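Visitor: Structure file structure.cif (mmCIF, C-alpha atoms, pLDDT in the B column; chains and numbers go by the auth columns) right here:
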```cif
data_model
loop_
_atom_site.group_PDB
_atom_site.id
_atom_site.type_symbol
_atom_site.label_atom_id
_atom_site.label_comp_id
_atom_site.label_asym_id
_atom_site.label_seq_id
_atom_site.Cartn_x
_atom_site.Cartn_y
_atom_site.Cartn_z
_atom_site.B_iso_or_equiv
_atom_site.auth_seq_id
_atom_site.auth_asym_id
ATOM 1 C CA MET A 1 -92.838 -9.689 -12.625 91.00 567 A
ATOM 2 C CA THR A 2 -93.113 -10.757 -8.977 96.00 568 A
ATOM 3 C CA ARG A 3 -94.554 -14.221 -8.456 97.00 569 A
ATOM 4 C CA ILE A 4 -96.334 -14.657 -5.133 97.00 570 A
ATOM 5 C CA ILE A 5 -97.509 -17.636 -3.144 97.00 571 A
ATOM 6 C CA ILE A 6 -100.479 -16.924 -0.897 97.00 572 A
ATOM 7 C CA THR A 7 -100.784 -18.921 2.342 97.00 573 A
ATOM 8 C CA GLY A 8 -104.214 -18.836 3.939 95.00 574 A
ATOM 9 C CA ALA A 9 -105.617 -18.521 0.435 94.00 575 A
ATOM 10 C CA LYS A 10 -109.130 -19.663 1.355 94.00 576 A
ATOM 11 C CA GLY A 11 -109.565 -17.101 4.141 92.00 577 A
ATOM 12 C CA ARG A 12 -111.065 -13.631 3.861 90.00 578 A
ATOM 13 C CA MET A 13 -107.773 -11.886 3.265 92.00 579 A
ATOM 14 C CA GLY A 14 -106.482 -14.674 1.051 94.00 580 A
ATOM 15 C CA GLN A 15 -109.437 -14.368 -1.267 95.00 581 A
ATOM 16 C CA THR A 16 -109.138 -10.581 -1.249 95.00 582 A
ATOM 17 C CA LEU A 17 -105.472 -10.886 -2.260 95.00 583 A
ATOM 18 C CA VAL A 18 -106.416 -13.148 -5.149 95.00 584 A
ATOM 19 C CA ALA A 19 -108.989 -10.626 -6.360 95.00 585 A
ATOM 20 C CA CYS A 20 -106.747 -7.576 -5.957 95.00 586 A
ATOM 21 C CA ALA A 21 -103.723 -9.211 -7.598 94.00 587 A
ATOM 22 C CA LYS A 22 -105.570 -9.002 -10.923 93.00 588 A
ATOM 23 C CA ASN A 23 -105.127 -5.224 -10.765 93.00 589 A
ATOM 24 C CA PHE A 24 -101.324 -5.427 -10.436 94.00 590 A
ATOM 25 C CA ARG A 25 -99.465 -5.894 -13.720 92.00 591 A
ATOM 26 C CA GLU A 26 -96.271 -6.573 -11.758 93.00 592 A
ATOM 27 C CA VAL A 27 -97.787 -9.493 -9.812 95.00 593 A
ATOM 28 C CA GLN A 28 -98.501 -13.063 -10.785 95.00 594 A
ATOM 29 C CA ILE A 29 -99.999 -15.624 -8.397 96.00 595 A
ATOM 30 C CA GLY A 30 -97.790 -18.694 -8.494 95.00 596 A
ATOM 31 C CA ALA A 31 -99.711 -20.792 -5.979 95.00 597 A
ATOM 32 C CA GLN A 32 -102.546 -20.622 -3.479 96.00 598 A
ATOM 33 C CA ILE A 33 -101.846 -22.587 -0.299 94.00 599 A
ATOM 34 C CA ASP A 34 -104.191 -23.415 2.535 93.00 600 A
ATOM 35 C CA MET A 35 -104.365 -25.886 5.416 87.00 601 A
ATOM 36 C CA GLY A 36 -103.200 -29.324 4.320 87.00 602 A
ATOM 37 C CA ASP A 37 -101.434 -28.133 1.161 91.00 603 A
ATOM 38 C CA ASP A 38 -97.713 -28.672 0.533 93.00 604 A
ATOM 39 C CA LEU A 39 -95.919 -25.318 0.676 94.00 605 A
ATOM 40 C CA PRO A 40 -92.389 -26.746 0.133 92.00 606 A
ATOM 41 C CA ALA A 41 -93.580 -28.411 -3.076 92.00 607 A
ATOM 42 C CA ALA A 42 -95.040 -25.116 -4.290 92.00 608 A
ATOM 43 C CA ALA A 43 -92.058 -22.960 -3.278 92.00 609 A
ATOM 44 C CA ALA A 44 -90.501 -23.032 -6.747 92.00 610 A
ATOM 45 C CA GLN A 45 -93.602 -21.318 -8.149 94.00 611 A
ATOM 46 C CA GLY A 46 -93.018 -18.014 -6.365 95.00 612 A
ATOM 47 C CA ASP A 47 -90.523 -15.332 -5.394 96.00 613 A
ATOM 48 C CA VAL A 48 -92.413 -14.115 -2.319 97.00 614 A
ATOM 49 C CA VAL A 49 -94.730 -15.849 0.143 97.00 615 A
ATOM 50 C CA VAL A 50 -97.570 -13.658 1.435 97.00 616 A
ATOM 51 C CA ASP A 51 -98.854 -15.113 4.700 96.00 617 A
ATOM 52 C CA PHE A 52 -102.395 -14.527 5.900 94.00 618 A
ATOM 53 C CA SER A 53 -102.868 -17.949 7.488 94.00 619 A
ATOM 54 C CA SER A 54 -102.610 -18.395 11.268 92.00 620 A
ATOM 55 C CA HIS A 55 -100.184 -17.128 13.895 93.00 621 A
ATOM 56 C CA THR A 56 -99.422 -20.762 14.750 94.00 622 A
ATOM 57 C CA ALA A 57 -98.267 -21.472 11.196 95.00 623 A
ATOM 58 C CA THR A 58 -96.061 -18.453 10.459 96.00 624 A
ATOM 59 C CA ALA A 59 -92.856 -19.820 12.003 96.00 625 A
ATOM 60 C CA ASP A 60 -93.019 -22.983 9.876 96.00 626 A
ATOM 61 C CA ILE A 61 -93.783 -20.896 6.793 96.00 627 A
ATOM 62 C CA ALA A 62 -90.777 -18.671 7.538 97.00 628 A
ATOM 63 C CA GLY A 63 -88.633 -21.789 7.847 97.00 629 A
ATOM 64 C CA VAL A 64 -89.746 -23.008 4.431 96.00 630 A
ATOM 65 C CA CYS A 65 -89.004 -19.576 2.958 97.00 631 A
ATOM 66 C CA ALA A 66 -85.517 -19.609 4.481 97.00 632 A
ATOM 67 C CA ARG A 67 -84.728 -23.060 3.081 96.00 633 A
ATOM 68 C CA HIS A 68 -85.923 -22.087 -0.395 96.00 634 A
ATOM 69 C CA LYS A 69 -84.585 -18.494 -0.328 96.00 635 A
ATOM 70 C CA LYS A 70 -87.995 -16.863 -0.732 97.00 636 A
ATOM 71 C CA ALA A 71 -88.935 -13.438 0.608 98.00 637 A
ATOM 72 C CA LEU A 72 -91.813 -13.297 3.091 98.00 638 A
ATOM 73 C CA VAL A 73 -94.643 -10.858 3.779 98.00 639 A
ATOM 74 C CA ILE A 74 -96.364 -11.515 7.119 97.00 640 A
ATOM 75 C CA GLY A 75 -99.925 -10.269 7.454 92.00 641 A
ATOM 76 C CA THR A 76 -101.004 -12.683 10.166 90.00 642 A
ATOM 77 C CA THR A 77 -101.460 -11.213 13.661 85.00 643 A
ATOM 78 C CA GLY A 78 -101.862 -12.568 17.189 84.00 644 A
ATOM 79 C CA HIS A 79 -98.388 -14.111 17.554 90.00 645 A
ATOM 80 C CA THR A 80 -97.173 -15.012 21.020 92.00 646 A
ATOM 81 C CA ASN A 81 -93.743 -13.823 22.133 92.00 647 A
ATOM 82 C CA ALA A 82 -92.388 -17.347 21.625 96.00 648 A
ATOM 83 C CA GLU A 83 -93.800 -17.498 18.092 96.00 649 A
ATOM 84 C CA ARG A 84 -92.408 -14.068 17.299 95.00 650 A
ATOM 85 C CA ASN A 85 -88.935 -15.029 18.512 96.00 651 A
ATOM 86 C CA GLU A 86 -89.017 -18.189 16.411 97.00 652 A
ATOM 87 C CA ILE A 87 -89.956 -16.223 13.292 97.00 653 A
ATOM 88 C CA LEU A 88 -87.275 -13.598 13.891 97.00 654 A
ATOM 89 C CA LYS A 89 -84.573 -16.279 13.712 97.00 655 A
ATOM 90 C CA PHE A 90 -84.938 -16.182 9.939 97.00 656 A
ATOM 91 C CA LYS A 91 -84.464 -12.429 9.421 97.00 657 A
ATOM 92 C CA THR A 92 -80.762 -12.897 8.666 97.00 658 A
ATOM 93 C CA LYS A 93 -81.538 -15.409 5.915 97.00 659 A
ATOM 94 C CA ILE A 94 -84.414 -13.825 3.993 98.00 660 A
ATOM 95 C CA PRO A 95 -86.001 -10.396 3.565 98.00 661 A
ATOM 96 C CA MET A 96 -89.338 -10.174 5.351 98.00 662 A
ATOM 97 C CA VAL A 97 -91.945 -7.454 5.753 98.00 663 A
ATOM 98 C CA TRP A 98 -93.766 -7.829 9.056 96.00 664 A
ATOM 99 C CA THR A 99 -96.259 -5.141 9.952 90.00 665 A
ATOM 100 C CA ALA A 100 -99.382 -4.753 12.040 82.00 666 A
ATOM 101 C CA ASN A 101 -101.279 -3.246 9.128 87.00 667 A
ATOM 102 C CA PHE A 102 -100.612 -2.923 5.392 92.00 668 A
ATOM 103 C CA SER A 103 -102.952 0.013 4.799 91.00 669 A
ATOM 104 C CA THR A 104 -101.253 3.178 3.557 90.00 670 A
ATOM 105 C CA GLY A 105 -103.713 5.178 5.652 93.00 671 A
ATOM 106 C CA VAL A 106 -102.978 3.237 8.831 93.00 672 A
ATOM 107 C CA ASN A 107 -99.241 3.634 8.336 92.00 673 A
ATOM 108 C CA THR A 108 -99.851 7.351 7.970 93.00 674 A
ATOM 109 C CA LEU A 109 -101.743 7.092 11.269 96.00 675 A
ATOM 110 C CA PHE A 110 -98.678 5.447 12.835 95.00 676 A
ATOM 111 C CA TRP A 111 -96.521 8.353 11.643 94.00 677 A
ATOM 112 C CA LEU A 112 -98.987 11.009 12.814 96.00 678 A
ATOM 113 C CA THR A 113 -99.402 9.300 16.200 98.00 679 A
ATOM 114 C CA ARG A 114 -95.667 9.407 16.825 97.00 680 A
ATOM 115 C CA LYS A 115 -95.420 13.064 15.802 97.00 681 A
ATOM 116 C CA ALA A 116 -98.432 14.076 17.904 98.00 682 A
ATOM 117 C CA ALA A 117 -97.061 12.290 20.967 98.00 683 A
ATOM 118 C CA GLU A 118 -93.713 14.021 20.535 98.00 684 A
ATOM 119 C CA ILE A 119 -95.291 17.456 20.135 98.00 685 A
ATOM 120 C CA LEU A 120 -97.946 17.209 22.868 97.00 686 A
ATOM 121 C CA GLY A 121 -95.683 15.776 25.541 95.00 687 A
ATOM 122 C CA PRO A 122 -96.576 14.016 28.779 95.00 688 A
ATOM 123 C CA ASP A 123 -99.508 16.195 29.879 94.00 689 A
ATOM 124 C CA PHE A 124 -102.024 14.479 27.606 98.00 690 A
ATOM 125 C CA ASP A 125 -103.812 11.269 28.599 98.00 691 A
ATOM 126 C CA LEU A 126 -103.520 8.555 25.949 98.00 692 A
ATOM 127 C CA GLU A 127 -106.345 6.235 24.933 98.00 693 A
ATOM 128 C CA ILE A 128 -106.760 3.861 21.988 98.00 694 A
ATOM 129 C CA THR A 129 -110.025 2.326 20.793 98.00 695 A
ATOM 130 C CA GLU A 130 -110.418 -0.250 18.041 98.00 696 A
ATOM 131 C CA MET A 131 -113.405 -2.066 16.561 98.00 697 A
ATOM 132 C CA HIS A 132 -113.536 -5.101 14.293 97.00 698 A
ATOM 133 C CA HIS A 133 -116.029 -7.673 13.047 96.00 699 A
ATOM 134 C CA ARG A 134 -117.390 -10.249 15.456 96.00 700 A
ATOM 135 C CA MET A 135 -115.245 -13.071 14.037 92.00 701 A
ATOM 136 C CA LYS A 136 -111.843 -11.494 14.697 93.00 702 A
ATOM 137 C CA ILE A 137 -109.913 -13.837 16.951 88.00 703 A
ATOM 138 C CA ASP A 138 -107.246 -11.668 18.616 89.00 704 A
ATOM 139 C CA ALA A 139 -107.794 -8.651 20.849 94.00 705 A
ATOM 140 C CA PRO A 140 -106.575 -6.010 20.939 95.00 706 A
ATOM 141 C CA SER A 141 -105.830 -5.836 17.236 94.00 707 A
ATOM 142 C CA GLY A 142 -102.264 -5.885 16.011 89.00 708 A
ATOM 143 C CA THR A 143 -102.737 -2.308 14.835 93.00 709 A
ATOM 144 C CA ALA A 144 -103.879 -1.159 18.278 96.00 710 A
ATOM 145 C CA LYS A 145 -100.841 -2.847 19.824 95.00 711 A
ATOM 146 C CA ALA A 146 -98.583 -1.096 17.322 93.00 712 A
ATOM 147 C CA LEU A 147 -100.155 2.278 18.127 97.00 713 A
ATOM 148 C CA ALA A 148 -99.724 1.652 21.844 98.00 714 A
ATOM 149 C CA GLN A 149 -96.099 0.648 21.336 97.00 715 A
ATOM 150 C CA ILE A 150 -95.432 3.873 19.429 97.00 716 A
ATOM 151 C CA LEU A 151 -96.892 5.924 22.285 98.00 717 A
ATOM 152 C CA ALA A 152 -94.878 4.002 24.867 98.00 718 A
ATOM 153 C CA GLU A 153 -91.662 4.428 22.888 98.00 719 A
ATOM 154 C CA VAL A 154 -92.135 8.187 22.629 98.00 720 A
ATOM 155 C CA ARG A 155 -92.656 8.405 26.393 97.00 721 A
ATOM 156 C CA LYS A 156 -89.835 5.931 27.085 97.00 722 A
ATOM 157 C CA GLN A 157 -92.195 3.557 28.878 97.00 723 A
ATOM 158 C CA HIS A 158 -92.511 -0.235 28.960 97.00 724 A
ATOM 159 C CA LEU A 159 -95.889 -0.935 27.377 97.00 725 A
ATOM 160 C CA ASP A 160 -96.587 -4.004 29.497 95.00 726 A
ATOM 161 C CA LYS A 161 -96.327 -1.831 32.623 96.00 727 A
ATOM 162 C CA VAL A 162 -98.558 1.051 31.490 97.00 728 A
ATOM 163 C CA ALA A 163 -101.158 -0.607 29.224 97.00 729 A
ATOM 164 C CA ARG A 164 -104.707 -0.641 30.641 96.00 730 A
ATOM 165 C CA HIS A 165 -107.157 -2.901 28.832 96.00 731 A
ATOM 166 C CA GLY A 166 -110.622 -1.595 29.684 91.00 732 A
ATOM 167 C CA ARG A 167 -111.765 -0.350 33.074 90.00 733 A
ATOM 168 C CA LEU A 168 -113.961 -1.745 35.793 90.00 734 A
ATOM 169 C CA GLY A 169 -114.616 -0.539 39.319 91.00 735 A
ATOM 170 C CA ILE A 170 -113.891 2.646 41.201 89.00 736 A
ATOM 171 C CA GLY A 171 -110.802 4.816 40.957 91.00 737 A
ATOM 172 C CA GLU A 172 -109.212 7.632 39.027 93.00 738 A
ATOM 173 C CA ARG A 173 -107.229 7.102 35.866 94.00 739 A
ATOM 174 C CA ALA A 174 -103.626 6.343 36.741 90.00 740 A
ATOM 175 C CA PRO A 175 -101.071 8.897 35.507 89.00 741 A
ATOM 176 C CA GLY A 176 -99.019 7.706 32.550 94.00 742 A
ATOM 177 C CA GLU A 177 -101.170 4.764 31.579 97.00 743 A
ATOM 178 C CA ILE A 178 -102.122 3.970 27.981 98.00 744 A
ATOM 179 C CA GLY A 179 -105.716 2.812 27.656 98.00 745 A
ATOM 180 C CA ILE A 180 -106.505 0.172 25.011 98.00 746 A
ATOM 181 C CA HIS A 181 -110.115 -0.799 24.349 98.00 747 A
ATOM 182 C CA SER A 182 -111.454 -3.435 21.937 97.00 748 A
ATOM 183 C CA LEU A 183 -114.945 -3.548 20.454 98.00 749 A
ATOM 184 C CA ARG A 184 -116.323 -6.448 18.397 98.00 750 A
ATOM 185 C CA GLY A 185 -119.479 -6.608 16.333 98.00 751 A
ATOM 186 C CA GLY A 186 -121.082 -6.937 12.940 97.00 752 A
ATOM 187 C CA ASP A 187 -118.878 -6.832 9.847 95.00 753 A
ATOM 188 C CA VAL A 188 -116.627 -3.902 10.765 96.00 754 A
ATOM 189 C CA VAL A 189 -113.419 -4.183 8.730 93.00 755 A
ATOM 190 C CA GLY A 190 -111.336 -2.089 11.117 94.00 756 A
ATOM 191 C CA ASP A 191 -111.625 1.218 12.999 97.00 757 A
ATOM 192 C CA HIS A 192 -108.810 2.706 15.089 98.00 758 A
ATOM 193 C CA THR A 193 -108.734 5.939 17.088 98.00 759 A
ATOM 194 C CA VAL A 194 -105.936 7.440 19.175 98.00 760 A
ATOM 195 C CA VAL A 195 -107.123 10.006 21.720 98.00 761 A
ATOM 196 C CA PHE A 196 -104.868 12.668 23.269 98.00 762 A
ATOM 197 C CA ALA A 197 -106.894 14.247 26.100 98.00 763 A
ATOM 198 C CA ALA A 198 -105.875 17.146 28.336 97.00 764 A
ATOM 199 C CA ASN A 199 -107.683 19.742 30.415 96.00 765 A
ATOM 200 C CA GLY A 200 -109.553 21.976 28.004 97.00 766 A
ATOM 201 C CA GLU A 201 -108.763 20.189 24.746 98.00 767 A
ATOM 202 C CA ARG A 202 -108.713 16.807 23.017 98.00 768 A
ATOM 203 C CA ILE A 203 -107.143 15.578 19.799 98.00 769 A
ATOM 204 C CA GLU A 204 -108.372 12.412 18.057 98.00 770 A
ATOM 205 C CA LEU A 205 -106.643 10.656 15.165 98.00 771 A
ATOM 206 C CA THR A 206 -108.916 8.135 13.448 98.00 772 A
ATOM 207 C CA HIS A 207 -108.635 5.674 10.597 97.00 773 A
ATOM 208 C CA LYS A 208 -111.615 3.665 9.342 97.00 774 A
ATOM 209 C CA ALA A 209 -111.292 0.892 6.799 94.00 775 A
ATOM 210 C CA SER A 210 -114.369 0.063 4.738 93.00 776 A
ATOM 211 C CA SER A 211 -112.801 -2.602 2.511 92.00 777 A
ATOM 212 C CA ARG A 212 -110.197 -5.346 2.900 90.00 778 A
ATOM 213 C CA ASP A 213 -108.878 -4.281 -0.478 94.00 779 A
ATOM 214 C CA THR A 214 -106.910 -1.586 1.364 92.00 780 A
ATOM 215 C CA PHE A 215 -104.896 -4.205 3.251 92.00 781 A
ATOM 216 C CA ALA A 216 -104.536 -6.543 0.275 95.00 782 A
ATOM 217 C CA ASN A 217 -103.237 -3.788 -2.016 95.00 783 A
ATOM 218 C CA GLY A 218 -100.694 -2.813 0.637 95.00 784 A
ATOM 219 C CA ALA A 219 -99.542 -6.420 1.060 96.00 785 A
ATOM 220 C CA LEU A 220 -99.106 -6.785 -2.694 97.00 786 A
ATOM 221 C CA ARG A 221 -97.139 -3.542 -2.786 95.00 787 A
ATOM 222 C CA ALA A 222 -94.957 -4.913 0.019 97.00 788 A
ATOM 223 C CA ALA A 223 -94.426 -8.166 -1.900 97.00 789 A
ATOM 224 C CA ILE A 224 -93.167 -6.314 -4.967 97.00 790 A
ATOM 225 C CA TRP A 225 -90.841 -4.220 -2.797 97.00 791 A
ATOM 226 C CA VAL A 226 -89.429 -6.963 -0.569 97.00 792 A
ATOM 227 C CA ALA A 227 -88.547 -9.220 -3.504 96.00 793 A
ATOM 228 C CA LYS A 228 -85.720 -6.782 -4.311 95.00 794 A
ATOM 229 C CA GLN A 229 -84.370 -6.398 -0.753 97.00 795 A
ATOM 230 C CA LYS A 230 -81.488 -7.960 1.141 97.00 796 A
ATOM 231 C CA PRO A 231 -82.204 -10.274 4.103 98.00 797 A
ATOM 232 C CA GLY A 232 -83.568 -8.369 7.071 98.00 798 A
ATOM 233 C CA LEU A 233 -86.686 -7.359 8.956 98.00 799 A
ATOM 234 C CA TYR A 234 -88.734 -4.565 7.401 97.00 800 A
ATOM 235 C CA ASP A 235 -92.159 -3.023 7.966 93.00 801 A
ATOM 236 C CA MET A 236 -94.622 -1.010 5.924 92.00 802 A
ATOM 237 C CA GLN A 237 -92.918 2.217 6.937 89.00 803 A
ATOM 238 C CA ASP A 238 -89.884 0.971 4.965 94.00 804 A
ATOM 239 C CA VAL A 239 -92.041 0.031 1.993 94.00 805 A
ATOM 240 C CA LEU A 240 -93.675 3.468 1.914 90.00 806 A
ATOM 241 C CA GLY A 241 -90.437 5.357 2.525 88.00 807 A
ATOM 242 C CA LEU A 242 -91.717 6.938 5.758 79.00 808 A
ATOM 243 C CA LYS A 243 -88.564 6.249 7.780 74.00 809 A
#
```
Would you write the structure of this file as structure tokens?

Guide:
Amino acid sequence: MTRIIITGAKGRMGQTLVACAKNFREVQIGAQIDMGDDLPAAAAQGDVVVDFSSHTATADIAGVCARHKKALVIGTTGHTNAERNEILKFKTKIPMVWTANFSTGVNTLFWLTRKAAEILGPDFDLEITEMHHRMKIDAPSGTAKALAQILAEVRKQHLDKVARHGRLGIGERAPGEIGIHSLRGGDVVGDHTVVFAANGERIELTHKASSRDTFANGALRAAIWVAKQKPGLYDMQDVLGLK
């Protein structure tokens, strides 16, 4: 039995985790933590902390996990580089799963995107579009960033130099750039498309999520897996055995 502590328990994903955990015989919710609650006091009630709180809180949560020797699953997105570096300080002390998306389908999309980029080569123009509900705070989504990073790695590019976020004005598309476009509206859970476009043909890889259960089930699967791991930084590709 894996006992989990959910941080951000009152949010959309937190509540979805609570609901989905009932379907996992291997999972027991030890505590539900939200803003103002005492995580250190609750640490003894769990083996793994599953974080869907805020990017500003993750570093402190990781610190608590390190002090109490608890594994960590990070589902929060939107971290700054400084926040990310602070969190990564704890990877030698505890096992943590940190991924842009816990969906099995999206992680299959990551794998397919890498393979397609390797096969198609540099002659295809690369574009990414993503759409989420109107209340999503960060843009582009963490998943879109991960897809863009995969494409840049395959082409041995620095993403910050080739990323193009939307277009305005006059001028041809620059060779080698990776377009990233964010749409917001309604209650869209999450749509992502990677476009490979060349003269005479176009390939599109698309994943559409219709329920947050997809992400919650993946996070719970990651929690069960990471509880048995040695300290280190892992992602959903490790959990699913895709590496």

Visitor: Would you work out the distance separating CA of Met579 (chain A) from CA of Ala782 (chain A), expressed in Å to one decimal?

Guide: 6.9 Å

Visitor: Just so the selection is clear, what residues does the PyMOL selection byres ((chain A and resi 605) around 10) cover here, as a PyMOL selection string?

Guide: chain A and resi 571-573+597-604+606-611+615+626-627+630-631

Visitor: With the PyMOL selection byres ((chain A and resi 584) around 9) as the selection, what would be picked from this file? Answer as a count of residues only, please.

Guide: 14

Visitor: Have a look at A:Asn667, A:Thr759, A:Ser619, A:Thr679 and name the one nearest to Glu719 (chain A); count all atoms listed in the file.

Guide: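 Closest to Glu719 (chain A) of all the choices is A:Thr679.
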
Visitor: To one decimal in Å, tell me the separation between CA of Glu649 (chain A) and CA of Trp664 (chain A).

Guide: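 Separation of CA of Glu649 (chain A) and CA of Trp664 (chain A): 13.2 Å.
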
Visitor: Have a look at A:Thr658, A:Gly708, A:Met697, A:Gly735 and name the one nearest to Gly751 (chain A); count all atoms listed in the file.

Guide: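 Distance minimum relative to Gly751 (chain A) lands on A:Met697.
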
Visitor: When the PyMOL selection byres ((chain A and resi 726) around 12) is applied to the structure above, which residues does it catch, written out as a ChimeraX atom specification?

Guide: /A:711,714-715,718-719,723-725,727-731,743-746

Visitor: Using all atoms listed in the file, which residue out of A:Ile703, A:Ala763, A:Leu771, A:Ala785 lies closest to Thr674 (chain A)?

Guide: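 Going through A:Ile703, A:Ala763, A:Leu771, A:Ala785 one by one, the smallest distance to Thr674 (chain A) is for A:Leu771.
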
Visitor: Taking only C-alpha atoms into account, which of A:His758, A:His645, A:Arg768, A:Lys722 comes nearest Leu692 (chain A)?

Guide: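 Of A:His758, A:His645, A:Arg768, A:Lys722, the one nearest Leu692 (chain A) is A:Arg768, counting only C-alpha atoms.
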
Visitor: Between CA of Phe690 (chain A) and CA of Ala764 (chain A), what is the spacing in Å?

Guide: 4.7 Å

Visitor: Write out as a count of residues only each polymer residue whose atoms come within 12 Å of Gln803 (chain A), counting all atoms listed in the file; drop sequence neighbours fewer than 3 positions from it.

Guide: 24

Visitor: Would you kindly identify which residues have an atom no farther than 10 Å from (-92.9, -8.6, -13.7), using only C-alpha atoms and the file's own coordinates, and write them out as a list in words?

Guide: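 The residues that fall inside the cut-off are Met567, Thr568, Arg569, Phe590, Arg591, Glu592, Val593, Gln594 and Ile790 of chain A.
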
Visitor: Deliver the residues from the most recent selection as a file, using C-alpha atoms, as a PDB file, keeping the file's coordinate frame.

Guide:
```pdb
ATOM      1  CA  MET A 567     -92.838  -9.689 -12.625  1.00 91.00           C
ATOM      2  CA  THR A 568     -93.113 -10.757  -8.977  1.00 96.00           C
ATOM      3  CA  ARG A 569     -94.554 -14.221  -8.456  1.00 97.00           C
ATOM      4  CA  PHE A 590    -101.324  -5.427 -10.436  1.00 94.00           C
ATOM      5  CA  ARG A 591     -99.465  -5.894 -13.720  1.00 92.00           C
ATOM      6  CA  GLU A 592     -96.271  -6.573 -11.758  1.00 93.00           C
ATOM      7  CA  VAL A 593     -97.787  -9.493  -9.812  1.00 95.00           C
ATOM      8  CA  GLN A 594     -98.501 -13.063 -10.785  1.00 95.00           C
ATOM      9  CA  ILE A 790     -93.167  -6.314  -4.967  1.00 97.00           C
TER      10      ILE A 790
END
```

Visitor: Please identify all polymer residues within 9 Å of Val792 (chain A), counting all atoms listed in the file, omitting same-chain residues fewer than 5 positions from it, and present them as a PDB file with C-alpha atoms, in the coordinates of the input.

Guide:
```pdb
ATOM      1  CA  VAL A 614     -92.413 -14.115  -2.319  1.00 97.00           C
ATOM      2  CA  ALA A 637     -88.935 -13.438   0.608  1.00 98.00           C
ATOM      3  CA  LEU A 638     -91.813 -13.297   3.091  1.00 98.00           C
ATOM      4  CA  VAL A 639     -94.643 -10.858   3.779  1.00 98.00           C
ATOM      5  CA  PRO A 661     -86.001 -10.396   3.565  1.00 98.00           C
ATOM      6  CA  MET A 662     -89.338 -10.174   5.351  1.00 98.00           C
ATOM      7  CA  VAL A 663     -91.945  -7.454   5.753  1.00 98.00           C
ATOM      8  CA  ARG A 787     -97.139  -3.542  -2.786  1.00 95.00           C
ATOM      9  CA  TYR A 800     -88.734  -4.565   7.401  1.00 97.00           C
ATOM     10  CA  VAL A 805     -92.041   0.031   1.993  1.00 94.00           C
TER      11      VAL A 805
END
```

Visitor: Under the rule that all atoms listed in the file are counted, which of A:Ile769, A:Ala683, A:Met701, A:Ala632 is the nearest residue to Val755 (chain A)?

Guide: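 Ranking A:Ile769, A:Ala683, A:Met701, A:Ala632 by distance to Val755 (chain A), first place goes to A:Met701.
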
Visitor: Name the closest residue to Lys774 (chain A) among the candidates A:Gln795, A:Asn651, A:Thr646, A:Thr695; distances are taken between atoms, counting all atoms listed in the file.

Guide: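 Between A:Gln795, A:Asn651, A:Thr646, A:Thr695, the residue approaching Lys774 (chain A) most closely is A:Thr695.
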
Visitor: When you look at Ile660 (chain A) with a cut-off of 7 Å (counting all atoms listed in the file), what residues show up, excluding the ones that are within fewer than 4 positions of it in the same chain? I need them as a PDB file with C-alpha atoms, in the coordinates of the input.

Guide:
```
ATOM      1  CA  ALA A 632     -85.517 -19.609   4.481  1.00 97.00           C
ATOM      2  CA  LYS A 635     -84.585 -18.494  -0.328  1.00 96.00           C
ATOM      3  CA  LYS A 636     -87.995 -16.863  -0.732  1.00 97.00           C
ATOM      4  CA  ALA A 637     -88.935 -13.438   0.608  1.00 98.00           C
ATOM      5  CA  PHE A 656     -84.938 -16.182   9.939  1.00 97.00           C
ATOM      6  CA  PRO A 797     -82.204 -10.274   4.103  1.00 98.00           C
ATOM      7  CA  GLY A 798     -83.568  -8.369   7.071  1.00 98.00           C
TER       8      GLY A 798
END
```

Visitor: Leaving out Glu684 (chain A) and any residue of its chain fewer than 6 positions from it, which residues lie within 10 Å of it when counting all atoms listed in the file, given as a list in words?

Guide: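 The filter keeps Leu678, Leu717, Val720 and Arg721 of chain A.
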